[in-house]
Amino acid sequence: SQNQVEGYIKLNGSNMSQSITVSIPELKIEKKFQSNEHGFAPVQFQLDKATLWSPETPKLYEVKIVAGESTIEDKIGFRTIETKGSDLLLNGKKIFLRGICIHEENGIRGDRAWSEEDARMLLNRVKELNCNFVRLAHYPHNENMIREAEKMGIMVWEEIPVYWTIDWANEATYKNAEAQLSDMIKRDINRVNVII
């Protein structure tokens with residue numbers, strides 16, 4: 001849905017059952033939820049006046065979550081992504097992915113691209129090529145890359161380093177890959193630009 005937010009909040013610590021407030025000041029949204037004895041609180045509310053995130057309009061909103069003495073703030077965008085036949089739909093409209101693959105490398109220095117400045121440099125080159133999409137090959141890149149791409153309106157394909165000569169019969173190999181994928185999803189699940 002383009003105007004319905006659904007998700008959950010999961011608390012940890014000793015006081016699991018408490019009131020939680022979710023606010024998006026720019027949209028004048030402030031909603032209260034109650035976590036259960038396991039610290040779990042389903043979240044659902046209408047989002048009628050939000051600008052949806054897209055490469056042309058990479059709108060992010062300041063979101064604040066307060067539970068007792070704990071506060072988390074982040075910038076989050078809202079969008080829908082789906083397929084219809086062979087078409088990819090972003091916010092209900094067909095979109096064509098124009099992109100390239102990049103490694104987490106600063107070609108000028110000849111080392112890892114790890115900083116916000118490195119991410120901006122690489123992603124500005126992506127924009128100069130008129131791309132709206134990057135494949136971050138072949139491993140999770142630094143979080144700076146994801147967040148800068150999000151701000152710049154660049155959709156992202158993320159990967160874990162599991163390819164080519166993997167011994168899938170080895171249970172430890174499979175568990176390792178599963179753990180890597182789970183960690184990447186936990187880190188980037190709320191990043192609006194991650195589409196694959």
# chains A, B, ... in the order shown; residues from 1 in each chain; ligands from 1

call {"tool": "residues_around", "arguments": {"residues": "A:Ala67", "least_positions_apart": "2", "cutoff": "9 Å", "atoms": "only C-alpha atoms", "output": "ChimeraX atom specification"}}
result
/A:11,18-21,65,69-72

call {"tool": "closest_residue", "arguments": {"among": "A:Ile81, A:Ile29, A:Ile166, A:Cys131", "to": "A:Lys49", "atoms": "only C-alpha atoms"}}
result
A:Ile29

call {"tool": "residues_around", "arguments": {"residues": "stretch 174-183 of chain A", "least_positions_apart": "3", "cutoff": "12 Å", "atoms": "only C-alpha atoms", "output": "PDB file with all heavy atoms, in the first residue's frame"}}
result
ATOM      1  N   TYR A 139      29.465  -8.385  -2.002  1.00  0.00           N
ATOM      2  CA  TYR A 139      29.495  -8.473  -0.542  1.00  0.00           C
ATOM      3  C   TYR A 139      28.775  -7.244   0.000  1.00  0.00           C
ATOM      4  O   TYR A 139      28.607  -6.246  -0.705  1.00  0.00           O
ATOM      5  CB  TYR A 139      30.950  -8.486  -0.035  1.00  0.00           C
ATOM      6  CG  TYR A 139      31.829  -7.525  -0.816  1.00  0.00           C
ATOM      7  CD1 TYR A 139      31.866  -6.165  -0.496  1.00  0.00           C
ATOM      8  CD2 TYR A 139      32.552  -7.961  -1.930  1.00  0.00           C
ATOM      9  CE1 TYR A 139      32.615  -5.278  -1.250  1.00  0.00           C
ATOM     10  CE2 TYR A 139      33.307  -7.070  -2.674  1.00  0.00           C
ATOM     11  CZ  TYR A 139      33.331  -5.721  -2.332  1.00  0.00           C
ATOM     12  OH  TYR A 139      34.061  -4.836  -3.091  1.00  0.00           O
ATOM     13  N   PRO A 140      28.337  -7.260   1.252  1.00  0.00           N
ATOM     14  CA  PRO A 140      27.715  -6.061   1.818  1.00  0.00           C
ATOM     15  C   PRO A 140      28.732  -4.922   1.887  1.00  0.00           C
ATOM     16  O   PRO A 140      29.798  -5.070   2.477  1.00  0.00           O
ATOM     17  CB  PRO A 140      27.296  -6.493   3.224  1.00  0.00           C
ATOM     18  CG  PRO A 140      27.233  -7.975   3.175  1.00  0.00           C
ATOM     19  CD  PRO A 140      28.291  -8.395   2.187  1.00  0.00           C
ATOM     20  N   GLU A 158      21.927  -5.562  -3.193  1.00  0.00           N
ATOM     21  CA  GLU A 158      22.968  -5.966  -2.247  1.00  0.00           C
ATOM     22  C   GLU A 158      23.223  -7.465  -2.348  1.00  0.00           C
ATOM     23  O   GLU A 158      22.318  -8.223  -2.684  1.00  0.00           O
ATOM     24  CB  GLU A 158      22.527  -5.671  -0.813  1.00  0.00           C
ATOM     25  CG  GLU A 158      22.628  -4.226  -0.422  1.00  0.00           C
ATOM     26  CD  GLU A 158      22.447  -4.069   1.064  1.00  0.00           C
ATOM     27  OE1 GLU A 158      21.307  -4.163   1.543  1.00  0.00           O
ATOM     28  OE2 GLU A 158      23.461  -3.832   1.752  1.00  0.00           O
ATOM     29  N   GLU A 159      24.443  -7.872  -2.024  1.00  0.00           N
ATOM     30  CA  GLU A 159      24.809  -9.279  -2.088  1.00  0.00           C
ATOM     31  C   GLU A 159      25.653  -9.681  -0.881  1.00  0.00           C
ATOM     32  O   GLU A 159      26.256  -8.835  -0.224  1.00  0.00           O
ATOM     33  CB  GLU A 159      25.655  -9.558  -3.340  1.00  0.00           C
ATOM     34  CG  GLU A 159      24.947  -9.284  -4.631  1.00  0.00           C
ATOM     35  CD  GLU A 159      25.801  -9.609  -5.850  1.00  0.00           C
ATOM     36  OE1 GLU A 159      27.040  -9.728  -5.722  1.00  0.00           O
ATOM     37  OE2 GLU A 159      25.215  -9.745  -6.935  1.00  0.00           O
ATOM     38  N   ILE A 160      25.693 -10.995  -0.653  1.00  0.00           N
ATOM     39  CA  ILE A 160      26.667 -11.565   0.275  1.00  0.00           C
ATOM     40  C   ILE A 160      27.701 -12.313  -0.565  1.00  0.00           C
ATOM     41  O   ILE A 160      27.412 -12.687  -1.702  1.00  0.00           O
ATOM     42  CB  ILE A 160      26.000 -12.484   1.320  1.00  0.00           C
ATOM     43  CG1 ILE A 160      25.233 -13.629   0.646  1.00  0.00           C
ATOM     44  CG2 ILE A 160      25.098 -11.679   2.243  1.00  0.00           C
ATOM     45  CD1 ILE A 160      24.711 -14.681   1.592  1.00  0.00           C
ATOM     46  N   PRO A 161      28.904 -12.530  -0.047  1.00  0.00           N
ATOM     47  CA  PRO A 161      29.968 -13.152  -0.855  1.00  0.00           C
ATOM     48  C   PRO A 161      29.820 -14.672  -0.960  1.00  0.00           C
ATOM     49  O   PRO A 161      30.671 -15.435  -0.502  1.00  0.00           O
ATOM     50  CB  PRO A 161      31.241 -12.752  -0.113  1.00  0.00           C
ATOM     51  CG  PRO A 161      30.801 -12.649   1.307  1.00  0.00           C
ATOM     52  CD  PRO A 161      29.403 -12.102   1.256  1.00  0.00           C
ATOM     53  N   VAL A 162      28.724 -15.098  -1.559  1.00  0.00           N
ATOM     54  CA  VAL A 162      28.459 -16.523  -1.712  1.00  0.00           C
ATOM     55  C   VAL A 162      28.160 -16.764  -3.193  1.00  0.00           C
ATOM     56  O   VAL A 162      27.061 -16.506  -3.668  1.00  0.00           O
ATOM     57  CB  VAL A 162      27.272 -16.966  -0.831  1.00  0.00           C
ATOM     58  CG1 VAL A 162      26.996 -18.453  -1.002  1.00  0.00           C
ATOM     59  CG2 VAL A 162      27.556 -16.644   0.634  1.00  0.00           C
ATOM     60  N   TYR A 163      29.151 -17.227  -3.927  1.00  0.00           N
ATOM     61  CA  TYR A 163      29.001 -17.431  -5.362  1.00  0.00           C
ATOM     62  C   TYR A 163      30.077 -18.394  -5.850  1.00  0.00           C
ATOM     63  O   TYR A 163      31.001 -18.737  -5.119  1.00  0.00           O
ATOM     64  CB  TYR A 163      29.064 -16.100  -6.121  1.00  0.00           C
ATOM     65  CG  TYR A 163      30.277 -15.256  -5.806  1.00  0.00           C
ATOM     66  CD1 TYR A 163      31.418 -15.320  -6.585  1.00  0.00           C
ATOM     67  CD2 TYR A 163      30.287 -14.410  -4.698  1.00  0.00           C
ATOM     68  CE1 TYR A 163      32.534 -14.543  -6.289  1.00  0.00           C
ATOM     69  CE2 TYR A 163      31.397 -13.643  -4.394  1.00  0.00           C
ATOM     70  CZ  TYR A 163      32.513 -13.714  -5.189  1.00  0.00           C
ATOM     71  OH  TYR A 163      33.620 -12.963  -4.896  1.00  0.00           O
ATOM     72  N   ILE A 166      30.931 -22.760  -4.262  1.00  0.00           N
ATOM     73  CA  ILE A 166      30.457 -22.957  -2.892  1.00  0.00           C
ATOM     74  C   ILE A 166      30.061 -24.423  -2.696  1.00  0.00           C
ATOM     75  O   ILE A 166      29.343 -24.995  -3.513  1.00  0.00           O
ATOM     76  CB  ILE A 166      29.247 -22.043  -2.597  1.00  0.00           C
ATOM     77  CG1 ILE A 166      29.627 -20.577  -2.750  1.00  0.00           C
ATOM     78  CG2 ILE A 166      28.665 -22.329  -1.221  1.00  0.00           C
ATOM     79  CD1 ILE A 166      30.693 -20.094  -1.809  1.00  0.00           C
ATOM     80  N   ASP A 167      30.506 -25.018  -1.615  1.00  0.00           N
ATOM     81  CA  ASP A 167      30.163 -26.391  -1.280  1.00  0.00           C
ATOM     82  C   ASP A 167      28.867 -26.395  -0.461  1.00  0.00           C
ATOM     83  O   ASP A 167      28.890 -26.360   0.768  1.00  0.00           O
ATOM     84  CB  ASP A 167      31.305 -27.032  -0.487  1.00  0.00           C
ATOM     85  CG  ASP A 167      30.997 -28.470  -0.078  1.00  0.00           C
ATOM     86  OD1 ASP A 167      30.003 -29.043  -0.584  1.00  0.00           O
ATOM     87  OD2 ASP A 167      31.756 -29.013   0.744  1.00  0.00           O
ATOM     88  N   TRP A 168      27.728 -26.443  -1.178  1.00  0.00           N
ATOM     89  CA  TRP A 168      26.433 -26.365  -0.491  1.00  0.00           C
ATOM     90  C   TRP A 168      26.129 -27.628   0.301  1.00  0.00           C
ATOM     91  O   TRP A 168      25.246 -27.630   1.154  1.00  0.00           O
ATOM     92  CB  TRP A 168      25.314 -26.082  -1.502  1.00  0.00           C
ATOM     93  CG  TRP A 168      25.445 -24.712  -2.070  1.00  0.00           C
ATOM     94  CD1 TRP A 168      25.773 -24.377  -3.340  1.00  0.00           C
ATOM     95  CD2 TRP A 168      25.277 -23.472  -1.371  1.00  0.00           C
ATOM     96  NE1 TRP A 168      25.824 -23.011  -3.484  1.00  0.00           N
ATOM     97  CE2 TRP A 168      25.527 -22.429  -2.283  1.00  0.00           C
ATOM     98  CE3 TRP A 168      24.962 -23.133  -0.056  1.00  0.00           C
ATOM     99  CZ2 TRP A 168      25.452 -21.089  -1.942  1.00  0.00           C
ATOM    100  CZ3 TRP A 168      24.885 -21.793   0.285  1.00  0.00           C
ATOM    101  CH2 TRP A 168      25.127 -20.787  -0.660  1.00  0.00           C
ATOM    102  N   ALA A 169      26.850 -28.704   0.037  1.00  0.00           N
ATOM    103  CA  ALA A 169      26.650 -29.931   0.814  1.00  0.00           C
ATOM    104  C   ALA A 169      27.218 -29.782   2.222  1.00  0.00           C
ATOM    105  O   ALA A 169      26.835 -30.522   3.127  1.00  0.00           O
ATOM    106  CB  ALA A 169      27.303 -31.112   0.098  1.00  0.00           C
ATOM    107  N   ASN A 170      28.111 -28.827   2.422  1.00  0.00           N
ATOM    108  CA  ASN A 170      28.698 -28.572   3.735  1.00  0.00           C
ATOM    109  C   ASN A 170      27.717 -27.717   4.538  1.00  0.00           C
ATOM    110  O   ASN A 170      27.462 -26.563   4.212  1.00  0.00           O
ATOM    111  CB  ASN A 170      30.039 -27.862   3.559  1.00  0.00           C
ATOM    112  CG  ASN A 170      30.716 -27.574   4.874  1.00  0.00           C
ATOM    113  OD1 ASN A 170      30.084 -27.434   5.924  1.00  0.00           O
ATOM    114  ND2 ASN A 170      32.030 -27.472   4.828  1.00  0.00           N
ATOM    115  N   GLU A 171      27.162 -28.291   5.597  1.00  0.00           N
ATOM    116  CA  GLU A 171      26.151 -27.591   6.388  1.00  0.00           C
ATOM    117  C   GLU A 171      26.688 -26.297   7.006  1.00  0.00           C
ATOM    118  O   GLU A 171      25.977 -25.290   7.081  1.00  0.00           O
ATOM    119  CB  GLU A 171      25.612 -28.508   7.490  1.00  0.00           C
ATOM    120  CG  GLU A 171      24.427 -27.901   8.218  1.00  0.00           C
ATOM    121  CD  GLU A 171      23.824 -28.839   9.247  1.00  0.00           C
ATOM    122  OE1 GLU A 171      23.914 -30.065   9.071  1.00  0.00           O
ATOM    123  OE2 GLU A 171      23.249 -28.326  10.219  1.00  0.00           O
ATOM    124  N   LYS A 186      19.065  -7.488   8.496  1.00  0.00           N
ATOM    125  CA  LYS A 186      18.837  -6.758   9.754  1.00  0.00           C
ATOM    126  C   LYS A 186      19.366  -5.336   9.662  1.00  0.00           C
ATOM    127  O   LYS A 186      18.745  -4.389  10.131  1.00  0.00           O
ATOM    128  CB  LYS A 186      19.508  -7.476  10.920  1.00  0.00           C
ATOM    129  CG  LYS A 186      18.757  -8.669  11.420  1.00  0.00           C
ATOM    130  CD  LYS A 186      19.517  -9.342  12.549  1.00  0.00           C
ATOM    131  CE  LYS A 186      18.896 -10.677  12.878  1.00  0.00           C
ATOM    132  NZ  LYS A 186      19.741 -11.463  13.770  1.00  0.00           N
ATOM    133  N   ARG A 187      20.537  -5.169   9.054  1.00  0.00           N
ATOM    134  CA  ARG A 187      21.136  -3.838   8.949  1.00  0.00           C
ATOM    135  C   ARG A 187      20.345  -2.930   8.016  1.00  0.00           C
ATOM    136  O   ARG A 187      20.167  -1.755   8.306  1.00  0.00           O
ATOM    137  CB  ARG A 187      22.582  -3.949   8.456  1.00  0.00           C
ATOM    138  CG  ARG A 187      23.299  -2.609   8.435  1.00  0.00           C
ATOM    139  CD  ARG A 187      24.637  -2.656   7.771  1.00  0.00           C
ATOM    140  NE  ARG A 187      24.504  -2.598   6.321  1.00  0.00           N
ATOM    141  CZ  ARG A 187      25.524  -2.558   5.475  1.00  0.00           C
ATOM    142  NH1 ARG A 187      26.759  -2.604   5.929  1.00  0.00           N
ATOM    143  NH2 ARG A 187      25.319  -2.498   4.187  1.00  0.00           N
ATOM    144  N   ASP A 188      19.877  -3.473   6.901  1.00  0.00           N
ATOM    145  CA  ASP A 188      19.343  -2.614   5.833  1.00  0.00           C
ATOM    146  C   ASP A 188      17.856  -2.787   5.565  1.00  0.00           C
ATOM    147  O   ASP A 188      17.345  -2.269   4.571  1.00  0.00           O
ATOM    148  CB  ASP A 188      20.125  -2.865   4.545  1.00  0.00           C
ATOM    149  CG  ASP A 188      21.573  -2.428   4.680  1.00  0.00           C
ATOM    150  OD1 ASP A 188      21.846  -1.525   5.498  1.00  0.00           O
ATOM    151  OD2 ASP A 188      22.436  -2.997   3.982  1.00  0.00           O
ATOM    152  N   ILE A 189      17.126  -3.448   6.443  1.00  0.00           N
ATOM    153  CA  ILE A 189      15.708  -3.713   6.187  1.00  0.00           C
ATOM    154  C   ILE A 189      14.884  -2.426   6.027  1.00  0.00           C
ATOM    155  O   ILE A 189      13.923  -2.386   5.284  1.00  0.00           O
ATOM    156  CB  ILE A 189      15.100  -4.628   7.278  1.00  0.00           C
ATOM    157  CG1 ILE A 189      13.736  -5.144   6.808  1.00  0.00           C
ATOM    158  CG2 ILE A 189      15.026  -3.918   8.619  1.00  0.00           C
ATOM    159  CD1 ILE A 189      13.207  -6.292   7.616  1.00  0.00           C
TER     160      ILE A 189
END

call {"tool": "closest_residue", "arguments": {"among": "A:Ala149, A:Phe40, A:Tyr61, A:Gly7", "to": "A:Ser23", "atoms": "only C-alpha atoms"}}
result
A:Tyr61

call {"tool": "residues_around", "arguments": {"residues": "A:Val194", "least_positions_apart": "6", "cutoff": "12 Å", "atoms": "only C-alpha atoms", "output": "CSV table (one decimal) with N, CA and C atoms, in the first residue's frame"}}
result
chain,number,residue,atom,x,y,z
A,53,TRP,N,9.4,7.9,-1.9
A,53,TRP,CA,10.8,7.9,-2.3
A,53,TRP,C,10.9,7.4,-3.7
A,54,SER,N,11.7,8.0,-4.6
A,54,SER,CA,12.0,7.5,-5.9
A,54,SER,C,13.3,8.1,-6.3
A,55,PRO,N,13.9,7.6,-7.4
A,55,PRO,CA,15.2,8.3,-7.9
A,55,PRO,C,15.0,9.7,-8.2
A,77,GLY,N,12.6,6.6,4.3
A,77,GLY,CA,11.7,6.9,3.2
A,77,GLY,C,10.6,5.8,3.1
A,78,PHE,N,9.6,6.2,2.2
A,78,PHE,CA,8.5,5.3,2.0
A,78,PHE,C,8.3,5.0,0.6
A,79,ARG,N,8.1,3.8,0.2
A,79,ARG,CA,7.8,3.4,-1.2
A,79,ARG,C,7.2,2.0,-1.3
A,80,THR,N,6.7,1.7,-2.5
A,80,THR,CA,6.3,0.3,-2.8
A,80,THR,C,7.2,-0.2,-3.9
A,81,ILE,N,7.5,-1.5,-3.9
A,81,ILE,CA,8.2,-2.1,-5.0
A,81,ILE,C,7.5,-3.4,-5.2
A,90,LEU,N,7.8,0.7,-9.2
A,90,LEU,CA,8.1,1.5,-8.1
A,90,LEU,C,7.0,2.5,-7.8
A,132,ASN,N,20.2,4.9,-12.3
A,132,ASN,CA,19.3,5.0,-11.2
A,132,ASN,C,19.4,3.8,-10.2
A,133,PHE,N,20.5,3.0,-10.5
A,133,PHE,CA,20.6,1.7,-9.9
A,133,PHE,C,22.0,1.2,-9.8
A,134,VAL,N,22.4,0.6,-8.7
A,134,VAL,CA,23.7,0.0,-8.6
A,134,VAL,C,23.6,-1.4,-8.0
A,135,ARG,N,24.5,-2.3,-8.5
A,135,ARG,CA,24.7,-3.6,-7.9
A,135,ARG,C,25.9,-3.5,-7.1
A,136,LEU,N,25.8,-3.7,-5.8
A,136,LEU,CA,27.0,-3.7,-4.9
A,136,LEU,C,27.6,-5.1,-4.9
A,140,PRO,N,28.3,-7.3,1.3
A,140,PRO,CA,27.7,-6.1,1.8
A,140,PRO,C,28.7,-4.9,1.9
A,143,GLU,N,27.9,0.6,5.3
A,143,GLU,CA,26.6,1.3,5.5
A,143,GLU,C,26.6,2.7,4.9
A,145,MET,N,27.7,3.5,2.0
A,145,MET,CA,27.3,3.4,0.6
A,145,MET,C,25.8,3.3,0.5
A,146,ILE,N,25.2,2.5,1.3
A,146,ILE,CA,23.7,2.4,1.2
A,146,ILE,C,23.0,3.7,1.5
A,147,ARG,N,23.4,4.3,2.6
A,147,ARG,CA,22.7,5.6,3.1
A,147,ARG,C,23.0,6.7,2.1
A,148,GLU,N,24.2,6.8,1.5
A,148,GLU,CA,24.4,7.9,0.5
A,148,GLU,C,23.6,7.7,-0.7
A,149,ALA,N,23.6,6.4,-1.2
A,149,ALA,CA,22.8,6.1,-2.4
A,149,ALA,C,21.3,6.4,-2.1
A,150,GLU,N,20.8,6.1,-0.9
A,150,GLU,CA,19.4,6.4,-0.6
A,150,GLU,C,19.2,7.9,-0.7
A,153,GLY,N,19.0,9.0,-4.4
A,153,GLY,CA,18.0,8.5,-5.3
A,153,GLY,C,18.5,7.3,-6.1
A,154,ILE,N,19.4,6.5,-5.6
A,154,ILE,CA,19.9,5.4,-6.3
A,154,ILE,C,19.5,4.1,-5.7
A,155,MET,N,18.8,3.3,-6.5
A,155,MET,CA,18.3,2.0,-6.0
A,155,MET,C,19.5,1.0,-5.9
A,156,VAL,N,19.4,0.0,-5.0
A,156,VAL,CA,20.5,-0.8,-4.7
A,156,VAL,C,20.1,-2.3,-4.8
A,157,TRP,N,21.1,-3.1,-5.3
A,157,TRP,CA,21.1,-4.6,-5.2
A,157,TRP,C,22.2,-4.9,-4.3
A,158,GLU,N,21.9,-5.6,-3.2
A,158,GLU,CA,23.0,-6.0,-2.2
A,158,GLU,C,23.2,-7.5,-2.3
A,159,GLU,N,24.4,-7.9,-2.0
A,159,GLU,CA,24.8,-9.3,-2.1
A,159,GLU,C,25.7,-9.7,-0.9
A,184,MET,N,22.8,-8.9,7.0
A,184,MET,CA,22.7,-7.8,6.0
A,184,MET,C,21.2,-7.3,6.0
A,185,ILE,N,20.3,-8.2,6.1
A,185,ILE,CA,18.9,-7.8,6.1
A,185,ILE,C,18.6,-7.0,7.3
A,187,ARG,N,20.5,-5.2,9.1
A,187,ARG,CA,21.1,-3.8,8.9
A,187,ARG,C,20.3,-2.9,8.0
A,188,ASP,N,19.9,-3.5,6.9
A,188,ASP,CA,19.3,-2.6,5.8
A,188,ASP,C,17.9,-2.8,5.6

call {"tool": "select_by_dssp", "arguments": {"residues": "stretch 39-160 of chain A", "states": "alpha helix (DSSP H)", "output": "list in words"}}
result
Glu116, Glu117, Asp118, Ala119, Arg120, Met121, Leu122, Leu123, Asn124, Arg125, Val126, Lys127, Glu128, Glu143, Asn144, Met145, Ile146, Arg147, Glu148, Ala149, Glu150, Lys151 and Met152 of chain A

call {"tool": "write_last_selection", "arguments": {"atoms": "N, CA and C atoms", "output": "PDB file, in the first residue's frame"}}
result
ATOM      1  N   GLU A 116      31.914   8.353   4.091  1.00  0.00           N
ATOM      2  CA  GLU A 116      30.811   9.016   3.380  1.00  0.00           C
ATOM      3  C   GLU A 116      31.331   9.702   2.126  1.00  0.00           C
ATOM      4  N   GLU A 117      32.514  10.308   2.214  1.00  0.00           N
ATOM      5  CA  GLU A 117      33.102  11.000   1.056  1.00  0.00           C
ATOM      6  C   GLU A 117      33.405  10.010  -0.071  1.00  0.00           C
ATOM      7  N   ASP A 118      33.942   8.838   0.281  1.00  0.00           N
ATOM      8  CA  ASP A 118      34.198   7.802  -0.725  1.00  0.00           C
ATOM      9  C   ASP A 118      32.894   7.378  -1.400  1.00  0.00           C
ATOM     10  N   ALA A 119      31.875   7.150  -0.598  1.00  0.00           N
ATOM     11  CA  ALA A 119      30.580   6.729  -1.148  1.00  0.00           C
ATOM     12  C   ALA A 119      30.035   7.793  -2.092  1.00  0.00           C
ATOM     13  N   ARG A 120      30.085   9.058  -1.675  1.00  0.00           N
ATOM     14  CA  ARG A 120      29.589  10.148  -2.541  1.00  0.00           C
ATOM     15  C   ARG A 120      30.374  10.218  -3.849  1.00  0.00           C
ATOM     16  N   MET A 121      31.711  10.044  -3.778  1.00  0.00           N
ATOM     17  CA  MET A 121      32.527  10.097  -4.981  1.00  0.00           C
ATOM     18  C   MET A 121      32.105   9.005  -5.969  1.00  0.00           C
ATOM     19  N   LEU A 122      31.993   7.778  -5.471  1.00  0.00           N
ATOM     20  CA  LEU A 122      31.603   6.668  -6.341  1.00  0.00           C
ATOM     21  C   LEU A 122      30.190   6.847  -6.883  1.00  0.00           C
ATOM     22  N   LEU A 123      29.274   7.252  -6.023  1.00  0.00           N
ATOM     23  CA  LEU A 123      27.877   7.386  -6.436  1.00  0.00           C
ATOM     24  C   LEU A 123      27.658   8.595  -7.341  1.00  0.00           C
ATOM     25  N   ASN A 124      28.455   9.648  -7.196  1.00  0.00           N
ATOM     26  CA  ASN A 124      28.366  10.771  -8.143  1.00  0.00           C
ATOM     27  C   ASN A 124      28.756  10.312  -9.544  1.00  0.00           C
ATOM     28  N   ARG A 125      29.716   9.401  -9.629  1.00  0.00           N
ATOM     29  CA  ARG A 125      30.081   8.843 -10.938  1.00  0.00           C
ATOM     30  C   ARG A 125      28.929   8.028 -11.510  1.00  0.00           C
ATOM     31  N   VAL A 126      28.242   7.323 -10.655  1.00  0.00           N
ATOM     32  CA  VAL A 126      27.062   6.563 -11.069  1.00  0.00           C
ATOM     33  C   VAL A 126      26.011   7.525 -11.645  1.00  0.00           C
ATOM     34  N   LYS A 127      25.776   8.633 -10.948  1.00  0.00           N
ATOM     35  CA  LYS A 127      24.801   9.630 -11.419  1.00  0.00           C
ATOM     36  C   LYS A 127      25.242  10.264 -12.743  1.00  0.00           C
ATOM     37  N   GLU A 128      26.562  10.510 -12.895  1.00  0.00           N
ATOM     38  CA  GLU A 128      27.076  11.075 -14.146  1.00  0.00           C
ATOM     39  C   GLU A 128      26.789  10.166 -15.330  1.00  0.00           C
ATOM     40  N   GLU A 143      27.921   0.644   5.332  1.00  0.00           N
ATOM     41  CA  GLU A 143      26.604   1.257   5.464  1.00  0.00           C
ATOM     42  C   GLU A 143      26.561   2.662   4.854  1.00  0.00           C
ATOM     43  N   ASN A 144      27.712   3.354   4.826  1.00  0.00           N
ATOM     44  CA  ASN A 144      27.756   4.678   4.198  1.00  0.00           C
ATOM     45  C   ASN A 144      27.308   4.614   2.733  1.00  0.00           C
ATOM     46  N   MET A 145      27.673   3.549   2.033  1.00  0.00           N
ATOM     47  CA  MET A 145      27.304   3.415   0.627  1.00  0.00           C
ATOM     48  C   MET A 145      25.787   3.323   0.470  1.00  0.00           C
ATOM     49  N   ILE A 146      25.153   2.533   1.312  1.00  0.00           N
ATOM     50  CA  ILE A 146      23.697   2.367   1.238  1.00  0.00           C
ATOM     51  C   ILE A 146      23.001   3.693   1.549  1.00  0.00           C
ATOM     52  N   ARG A 147      23.428   4.341   2.622  1.00  0.00           N
ATOM     53  CA  ARG A 147      22.748   5.570   3.053  1.00  0.00           C
ATOM     54  C   ARG A 147      22.976   6.731   2.083  1.00  0.00           C
ATOM     55  N   GLU A 148      24.167   6.847   1.526  1.00  0.00           N
ATOM     56  CA  GLU A 148      24.409   7.918   0.548  1.00  0.00           C
ATOM     57  C   GLU A 148      23.627   7.660  -0.737  1.00  0.00           C
ATOM     58  N   ALA A 149      23.571   6.403  -1.176  1.00  0.00           N
ATOM     59  CA  ALA A 149      22.774   6.067  -2.365  1.00  0.00           C
ATOM     60  C   ALA A 149      21.303   6.391  -2.123  1.00  0.00           C
ATOM     61  N   GLU A 150      20.835   6.132  -0.921  1.00  0.00           N
ATOM     62  CA  GLU A 150      19.448   6.429  -0.560  1.00  0.00           C
ATOM     63  C   GLU A 150      19.165   7.930  -0.682  1.00  0.00           C
ATOM     64  N   LYS A 151      20.070   8.744  -0.157  1.00  0.00           N
ATOM     65  CA  LYS A 151      19.914  10.207  -0.230  1.00  0.00           C
ATOM     66  C   LYS A 151      19.939  10.705  -1.672  1.00  0.00           C
ATOM     67  N   MET A 152      20.728  10.022  -2.525  1.00  0.00           N
ATOM     68  CA  MET A 152      20.923  10.472  -3.903  1.00  0.00           C
ATOM     69  C   MET A 152      19.893   9.898  -4.874  1.00  0.00           C
TER      70      MET A 152
END

call {"tool": "select_by_dssp", "arguments": {"residues": "stretch 3-120 of chain A", "states": "strand (DSSP E)", "output": "ChimeraX atom specification"}}
result
/A:4-10,19-24,29-34,40-46,61-67,70-76,81-84,87-90,93-94,99-102,105-106,111-112

call {"tool": "atom_distance", "arguments": {"atom1": "atom CA of A:Ile9", "atom2": "atom CA of A:Pro42"}}
result
6.5 Å

call {"tool": "atom_distance", "arguments": {"atom1": "atom CA of A:Val66", "atom2": "atom CA of A:Phe45"}}
result
16.5 Å
